Amino acid sequence: MKRLHASILGGELFNTILHNPVNIYMTHMSNYANDRLALYTFNLLFDFVQNNTNLQLRYAPSSPASGDLALGYTGQNASHLGPNSLADYYLELYPDERVPIWTNPCTDRRHLAIWAPDKHKLCSVVPKILIVGPQKTGTTALYTFLKMNPQLRSSQMSKEDFEEVQFFGDKHYLKGVDWYLERFQQEGDTGLLSAHSDNATRDHTEPVYLDKSATYFDDPKAPARASRLLPSARVVIMLIDPADRAYSWYQHMRAHGHLVASSLSFEQLLASNELPIRSAGPETTSLRNRCLEPGYYAQHLSRWLEFYPPHQVIVIDGQWFKLQPAPVMNKLQLMLRLEPPLDYRKLLVYNKHKGFYCQLKVERDGRKSANCLGKSKGRRYSPMSKAARAYLNKLYWPHNKQLARLLTNIGQALPAWLDEAMSLARAL
Ligand code: A3P
């Protein structure tokens, strides 16, 4: 009772009224054997507000469709609205709240208290590492090599998105936190509750969960959403020359039989923005945008840095990773504090046939072979034409310059391909 009074008389309940122009309460009138607690609470609360503030409280009359009583405060608009239109009015005031933003139930005592007890075990699978992309920079190889560390656990495979979860985009976000975390639950998980698992100190036995979804990088909503649910996650970003990335993406779409990509040469796709709208068509425009926009690295990276401190963001030189993955992996696992650190020089082997590094597989009888990524990773296609390269270098130059500035500002080394481009520009 003391706590209830404190909440009403200047505490939390009072403050909700004070700070929210619209309040809708579900009072559970008949709870607790009709103890009239709600009536008592709200009478006392309104008396307190009326006697101690100059706020004007108004009831919103019930709408015909609902028996609920809604309370609106401030503005003539709000005073005569029913609960549904009051909700609309609220969302007009706070359009960002149309879509909920999920936070981590495991670090919120109250959320944890109302979460079904059998869900608590999900606290042990909250991801601590996000590989956010962008697509076609080598994220699958990075993910596959990282997973060789026994401490790392990933999401279950899905038929639709394979190893990716893609939760922080629009596709699955409204399915909620339980859906997200359940994607990481593996058979045989101990499910030990760690109420503050996001900050938990790691020991050798504690698995570390990893979400790799290469579409997050350039999704404008992903950084804010990810940072609210996983504020202490490390964000890993892989960057190759954006011109190469665009070309690889175009080849990927052709390989998947995309009609527009298959009907246009790369040069035609790049030049399609100069065609009259009628000849280009919205599908071509959309394809061109999807091909080129993820390469505006500085713009996307800045957004991640709005929501994550620089020390949690790790930028990897994807071109260097392609050529020398072992030193890159050795360094990365130290940055991620994975235990035990592996020596990737002994675990990866260059495969001439594939043209890439692969996992070294040692058979029982001691024979060695290379376990390479599938056909869709490391495709063979003709090199990009000089004209397309020149076009893309020009297009991406201002973005690359901005990226160099951004990385320097946050104290990160420039990827070699960017460093070279900068030196070349200085020399001209
Ligand atoms: P290409 O198939 O165009 O060569 P992602 O996994 O992010 O979709 O990236 C795919 C790209 O990863 C491939 O693009 C390839 O260049 C690159 N890559 C880097 N290291 C690789 C490896 N060890 N095996 C296969 N592909 C690798």
# chains A, B, ... in the order shown; residues from 1 in each chain; ligands from 1
>>> residues_near_ligand(ligand="ligand 1", cutoff="7 Å", atoms="only C-alpha atoms and all ligand atoms", output="VMD selection string")
chain A and resid 133 to 141 214 248 to 249 251 to 252 321 to 322 356 to 358 372 to 373 376 to 380
>>> select_by_dssp(residues="stretch 297-339 of chain A", states="strand (DSSP E or B)", output="PDB file with N, CA, C and O atoms, in the first residue's frame")
ATOM      1  N   VAL A 313      31.755  -1.349 -32.863  1.00  0.00           N
ATOM      2  CA  VAL A 313      31.620  -1.567 -34.308  1.00  0.00           C
ATOM      3  C   VAL A 313      32.972  -2.000 -34.876  1.00  0.00           C
ATOM      4  O   VAL A 313      33.976  -1.332 -34.683  1.00  0.00           O
ATOM      5  N   ILE A 314      32.972  -3.141 -35.549  1.00  0.00           N
ATOM      6  CA  ILE A 314      34.225  -3.665 -36.112  1.00  0.00           C
ATOM      7  C   ILE A 314      34.092  -3.683 -37.632  1.00  0.00           C
ATOM      8  O   ILE A 314      33.212  -4.344 -38.181  1.00  0.00           O
ATOM      9  N   VAL A 315      34.953  -2.920 -38.298  1.00  0.00           N
ATOM     10  CA  VAL A 315      34.910  -2.894 -39.766  1.00  0.00           C
ATOM     11  C   VAL A 315      36.045  -3.770 -40.299  1.00  0.00           C
ATOM     12  O   VAL A 315      37.197  -3.611 -39.918  1.00  0.00           O
ATOM     13  N   ILE A 316      35.676  -4.692 -41.165  1.00  0.00           N
ATOM     14  CA  ILE A 316      36.670  -5.619 -41.713  1.00  0.00           C
ATOM     15  C   ILE A 316      36.895  -5.332 -43.195  1.00  0.00           C
ATOM     16  O   ILE A 316      35.940  -5.086 -43.929  1.00  0.00           O
ATOM     17  N   ASP A 317      38.148  -5.377 -43.584  1.00  0.00           N
ATOM     18  CA  ASP A 317      38.494  -5.210 -44.998  1.00  0.00           C
ATOM     19  C   ASP A 317      38.195  -6.523 -45.723  1.00  0.00           C
ATOM     20  O   ASP A 317      38.935  -7.504 -45.604  1.00  0.00           O
TER      21      ASP A 317
END
>>> atom_distance(atom1="atom CA of A:Ile237", atom2="atom CA of A:Pro415")
11.7 Å
>>> atom_distance(atom1="atom CA of A:Cys123", atom2="atom CA of A:Met238")
27.9 Å
>>> closest_atom_pairs(of="stretch 218-273 of chain A", to="stretch 278-299 of chain A", cutoff="12 Å", atoms="only C-alpha atoms", output="Markdown table")
| residue | atom | partner | partner_atom | distance |
| --- | --- | --- | --- | --- |
| A:Asp218 | CA | A:Pro294 | CA | 5.5 |
| A:Asp219 | CA | A:Pro294 | CA | 8.7 |
| A:Pro220 | CA | A:Gln299 | CA | 9.8 |
| A:Ile237 | CA | A:Tyr297 | CA | 10.1 |
| A:Met238 | CA | A:Tyr297 | CA | 10.3 |
| A:Leu239 | CA | A:Tyr297 | CA | 8.1 |
| A:Ile240 | CA | A:Gly295 | CA | 9.1 |
| A:Asp241 | CA | A:Gly295 | CA | 8.3 |
| A:Pro242 | CA | A:Gly295 | CA | 4.8 |
| A:Ala243 | CA | A:Gly295 | CA | 7.6 |
| A:Asp244 | CA | A:Gly295 | CA | 9.5 |
| A:Arg245 | CA | A:Gly295 | CA | 7.3 |
| A:Ala246 | CA | A:Cys291 | CA | 5.4 |
| A:Tyr247 | CA | A:Cys291 | CA | 8.0 |
| A:Ser248 | CA | A:Cys291 | CA | 9.2 |
| A:Trp249 | CA | A:Cys291 | CA | 6.3 |
| A:Tyr250 | CA | A:Cys291 | CA | 6.6 |
| A:Gln251 | CA | A:Cys291 | CA | 10.2 |
| A:His252 | CA | A:Cys291 | CA | 10.3 |
| A:Met253 | CA | A:Leu287 | CA | 9.3 |
| A:Arg254 | CA | A:Leu287 | CA | 11.4 |
| A:His258 | CA | A:Leu287 | CA | 9.6 |
| A:Leu259 | CA | A:Glu283 | CA | 9.6 |
| A:Val260 | CA | A:Thr284 | CA | 6.5 |
| A:Ala261 | CA | A:Leu287 | CA | 7.6 |
| A:Ser262 | CA | A:Thr284 | CA | 11.2 |
| A:Ser263 | CA | A:Thr284 | CA | 10.2 |
| A:Leu264 | CA | A:Thr284 | CA | 9.1 |
| A:Ser265 | CA | A:Arg288 | CA | 11.8 |
| A:Phe266 | CA | A:Arg288 | CA | 9.7 |
| A:Glu267 | CA | A:Arg288 | CA | 10.8 |
| A:Gln268 | CA | A:Arg288 | CA | 9.9 |
| A:Leu269 | CA | A:Arg288 | CA | 6.2 |
| A:Leu270 | CA | A:Arg288 | CA | 6.7 |
| A:Ala271 | CA | A:Arg288 | CA | 9.1 |
| A:Ser272 | CA | A:Ala280 | CA | 5.9 |
| A:Asn273 | CA | A:Thr285 | CA | 6.8 |
>>> residues_around(residues="A:Arg98", least_positions_apart="5", cutoff="12 Å", atoms="only C-alpha atoms", output="VMD selection string")
chain A and resid 87 to 93 174
>>> write_last_selection(atoms="N, CA, C and O atoms", output="PDB file, in the first residue's frame")
ATOM      1  N   ALA A  87      -6.570   6.221 -29.485  1.00  0.00           N
ATOM      2  CA  ALA A  87      -5.329   5.535 -29.867  1.00  0.00           C
ATOM      3  C   ALA A  87      -4.792   6.135 -31.163  1.00  0.00           C
ATOM      4  O   ALA A  87      -3.591   6.378 -31.293  1.00  0.00           O
ATOM      5  N   ASP A  88      -5.714   6.418 -32.119  1.00  0.00           N
ATOM      6  CA  ASP A  88      -5.268   7.036 -33.376  1.00  0.00           C
ATOM      7  C   ASP A  88      -4.631   8.394 -33.100  1.00  0.00           C
ATOM      8  O   ASP A  88      -3.617   8.751 -33.690  1.00  0.00           O
ATOM      9  N   TYR A  89      -5.271   9.125 -32.207  1.00  0.00           N
ATOM     10  CA  TYR A  89      -4.752  10.452 -31.862  1.00  0.00           C
ATOM     11  C   TYR A  89      -3.349  10.333 -31.255  1.00  0.00           C
ATOM     12  O   TYR A  89      -2.428  11.080 -31.580  1.00  0.00           O
ATOM     13  N   TYR A  90      -3.194   9.344 -30.405  1.00  0.00           N
ATOM     14  CA  TYR A  90      -1.891   9.102 -29.771  1.00  0.00           C
ATOM     15  C   TYR A  90      -0.832   8.822 -30.849  1.00  0.00           C
ATOM     16  O   TYR A  90       0.263   9.376 -30.837  1.00  0.00           O
ATOM     17  N   LEU A  91      -1.205   7.975 -31.822  1.00  0.00           N
ATOM     18  CA  LEU A  91      -0.239   7.597 -32.856  1.00  0.00           C
ATOM     19  C   LEU A  91       0.055   8.747 -33.824  1.00  0.00           C
ATOM     20  O   LEU A  91       1.108   8.794 -34.444  1.00  0.00           O
ATOM     21  N   GLU A  92      -0.906   9.669 -33.897  1.00  0.00           N
ATOM     22  CA  GLU A  92      -0.637  10.875 -34.690  1.00  0.00           C
ATOM     23  C   GLU A  92       0.434  11.704 -33.982  1.00  0.00           C
ATOM     24  O   GLU A  92       1.310  12.272 -34.599  1.00  0.00           O
ATOM     25  N   LEU A  93       0.333  11.727 -32.654  1.00  0.00           N
ATOM     26  CA  LEU A  93       1.329  12.483 -31.887  1.00  0.00           C
ATOM     27  C   LEU A  93       2.680  11.794 -31.911  1.00  0.00           C
ATOM     28  O   LEU A  93       3.719  12.425 -31.889  1.00  0.00           O
ATOM     29  N   LEU A 174       7.725  -7.785 -36.634  1.00  0.00           N
ATOM     30  CA  LEU A 174       6.483  -7.787 -35.845  1.00  0.00           C
ATOM     31  C   LEU A 174       6.181  -9.155 -35.228  1.00  0.00           C
ATOM     32  O   LEU A 174       5.265  -9.287 -34.424  1.00  0.00           O
TER      33      LEU A 174
END
>>> closest_residue(among="A:Glu12, A:Asp170, A:Glu206, A:Glu420", to="A:Ser124", atoms="only C-alpha atoms")
A:Glu206
>>> closest_residue(among="A:Ala390, A:Val126, A:Leu229, A:Leu146", to="A:Gln185", atoms="only C-alpha atoms")
A:Val126
>>> closest_residue(among="A:Thr107, A:Ala404, A:Gln324, A:Tyr308", to="A:His120", atoms="only C-alpha atoms")
A:Thr107
>>> closest_residue(among="A:Lys171, A:His300, A:Lys212, A:Lys128", to="A:Ala233", atoms="only C-alpha atoms")
A:Lys128
>>> atom_distance(atom1="atom CA of A:Tyr94", atom2="atom CA of A:Asn23")
13.1 Å
>>> residues_around(residues="A:Leu348", least_positions_apart="3", cutoff="12 Å", atoms="only C-alpha atoms", output="JSON, numbers by chain")
{"A": [141, 142, 144, 145, 146, 148, 322, 323, 324, 325, 326, 327, 328, 329, 330, 342, 343, 344, 345, 351, 356, 357, 358, 359, 360, 361, 362, 368, 369, 370, 371, 372]}
>>> residues_around(residues="A:Asp178", least_positions_apart="3", cutoff="10 Å", atoms="only C-alpha atoms", output="mmCIF file with all heavy atoms, in the first residue's frame")
data_model
loop_
_atom_site.group_PDB
_atom_site.id
_atom_site.type_symbol
_atom_site.label_atom_id
_atom_site.label_comp_id
_atom_site.auth_asym_id
_atom_site.auth_seq_id
_atom_site.Cartn_x
_atom_site.Cartn_y
_atom_site.Cartn_z
ATOM 1 N N PRO A 105 13.943 -8.360 -22.787
ATOM 2 C CA PRO A 105 13.181 -8.690 -21.574
ATOM 3 C C PRO A 105 14.102 -9.155 -20.449
ATOM 4 O O PRO A 105 13.767 -9.013 -19.269
ATOM 5 C CB PRO A 105 12.270 -9.841 -22.013
ATOM 6 C CG PRO A 105 12.737 -10.277 -23.348
ATOM 7 C CD PRO A 105 13.648 -9.242 -23.913
ATOM 8 N N TRP A 115 6.806 -12.158 -18.275
ATOM 9 C CA TRP A 115 7.131 -13.063 -19.382
ATOM 10 C C TRP A 115 6.850 -14.487 -18.905
ATOM 11 O O TRP A 115 7.187 -14.830 -17.767
ATOM 12 C CB TRP A 115 8.615 -12.915 -19.703
ATOM 13 C CG TRP A 115 8.999 -13.111 -21.132
ATOM 14 C CD1 TRP A 115 8.209 -13.045 -22.222
ATOM 15 C CD2 TRP A 115 10.329 -13.390 -21.600
ATOM 16 N NE1 TRP A 115 8.957 -13.254 -23.363
ATOM 17 C CE2 TRP A 115 10.244 -13.469 -23.015
ATOM 18 C CE3 TRP A 115 11.570 -13.569 -20.991
ATOM 19 C CZ2 TRP A 115 11.366 -13.726 -23.799
ATOM 20 C CZ3 TRP A 115 12.671 -13.816 -21.779
ATOM 21 C CH2 TRP A 115 12.564 -13.900 -23.177
ATOM 22 N N LYS A 119 9.722 -19.055 -20.990
ATOM 23 C CA LYS A 119 10.476 -18.257 -21.958
ATOM 24 C C LYS A 119 11.806 -17.780 -21.375
ATOM 25 O O LYS A 119 12.682 -17.326 -22.104
ATOM 26 C CB LYS A 119 9.679 -17.013 -22.381
ATOM 27 C CG LYS A 119 8.362 -17.304 -23.024
ATOM 28 C CD LYS A 119 8.524 -17.693 -24.472
ATOM 29 C CE LYS A 119 7.166 -17.957 -25.100
ATOM 30 N NZ LYS A 119 7.258 -18.447 -26.452
ATOM 31 N N HIS A 120 11.919 -17.822 -20.057
ATOM 32 C CA HIS A 120 13.111 -17.241 -19.424
ATOM 33 C C HIS A 120 14.405 -17.861 -19.922
ATOM 34 O O HIS A 120 15.446 -17.224 -19.933
ATOM 35 C CB HIS A 120 13.023 -17.369 -17.904
ATOM 36 C CG HIS A 120 11.998 -16.439 -17.321
ATOM 37 N ND1 HIS A 120 11.966 -16.090 -16.004
ATOM 38 C CD2 HIS A 120 10.951 -15.782 -17.894
ATOM 39 C CE1 HIS A 120 10.950 -15.267 -15.786
ATOM 40 N NE2 HIS A 120 10.317 -15.077 -16.922
ATOM 41 N N LEU A 122 15.215 -18.336 -22.748
ATOM 42 C CA LEU A 122 15.687 -17.658 -23.957
ATOM 43 C C LEU A 122 16.751 -16.603 -23.652
ATOM 44 O O LEU A 122 17.473 -16.158 -24.535
ATOM 45 C CB LEU A 122 14.512 -17.008 -24.702
ATOM 46 C CG LEU A 122 13.500 -17.985 -25.306
ATOM 47 C CD1 LEU A 122 12.297 -17.238 -25.861
ATOM 48 C CD2 LEU A 122 14.156 -18.794 -26.433
ATOM 49 N N LYS A 175 6.969 -10.150 -35.581
ATOM 50 C CA LYS A 175 6.761 -11.462 -34.956
ATOM 51 C C LYS A 175 7.241 -11.451 -33.504
ATOM 52 O O LYS A 175 6.918 -12.363 -32.747
ATOM 53 C CB LYS A 175 7.480 -12.541 -35.755
ATOM 54 C CG LYS A 175 6.851 -12.748 -37.127
ATOM 55 C CD LYS A 175 7.572 -13.788 -37.941
ATOM 56 C CE LYS A 175 6.906 -13.907 -39.313
ATOM 57 N NZ LYS A 175 7.745 -14.622 -40.267
ATOM 58 N N LEU A 181 14.340 -14.840 -30.550
ATOM 59 C CA LEU A 181 15.237 -15.620 -29.692
ATOM 60 C C LEU A 181 15.059 -17.123 -29.911
ATOM 61 O O LEU A 181 16.027 -17.887 -29.841
ATOM 62 C CB LEU A 181 15.036 -15.239 -28.216
ATOM 63 C CG LEU A 181 15.406 -13.779 -27.889
ATOM 64 C CD1 LEU A 181 15.145 -13.471 -26.424
ATOM 65 C CD2 LEU A 181 16.859 -13.474 -28.232
ATOM 66 N N GLU A 182 13.825 -17.518 -30.193
ATOM 67 C CA GLU A 182 13.598 -18.960 -30.431
ATOM 68 C C GLU A 182 14.368 -19.454 -31.655
ATOM 69 O O GLU A 182 14.696 -20.633 -31.738
ATOM 70 C CB GLU A 182 12.091 -19.252 -30.564
ATOM 71 C CG GLU A 182 11.458 -19.417 -29.192
ATOM 72 C CD GLU A 182 9.943 -19.215 -29.180
ATOM 73 O OE1 GLU A 182 9.347 -19.119 -30.273
ATOM 74 O OE2 GLU A 182 9.373 -19.132 -28.072
ATOM 75 N N ARG A 183 14.674 -18.547 -32.577
ATOM 76 C CA ARG A 183 15.476 -18.952 -33.746
ATOM 77 C C ARG A 183 16.887 -19.388 -33.341
ATOM 78 O O ARG A 183 17.594 -20.022 -34.116
ATOM 79 C CB ARG A 183 15.584 -17.798 -34.759
ATOM 80 C CG ARG A 183 14.343 -17.506 -35.569
ATOM 81 C CD ARG A 183 14.013 -18.597 -36.578
ATOM 82 N NE ARG A 183 15.166 -19.036 -37.349
ATOM 83 C CZ ARG A 183 15.616 -18.468 -38.468
ATOM 84 N NH1 ARG A 183 14.967 -17.450 -38.972
ATOM 85 N NH2 ARG A 183 16.678 -18.927 -39.092
#
>>> closest_residue(among="A:Pro231, A:Gly176, A:Pro309, A:Gly10", to="A:Ile129", atoms="only C-alpha atoms")
A:Pro231
>>> closest_residue(among="A:Gln166, A:Ser7, A:Asn51, A:Gln412", to="A:Leu130", atoms="only C-alpha atoms")
A:Gln166
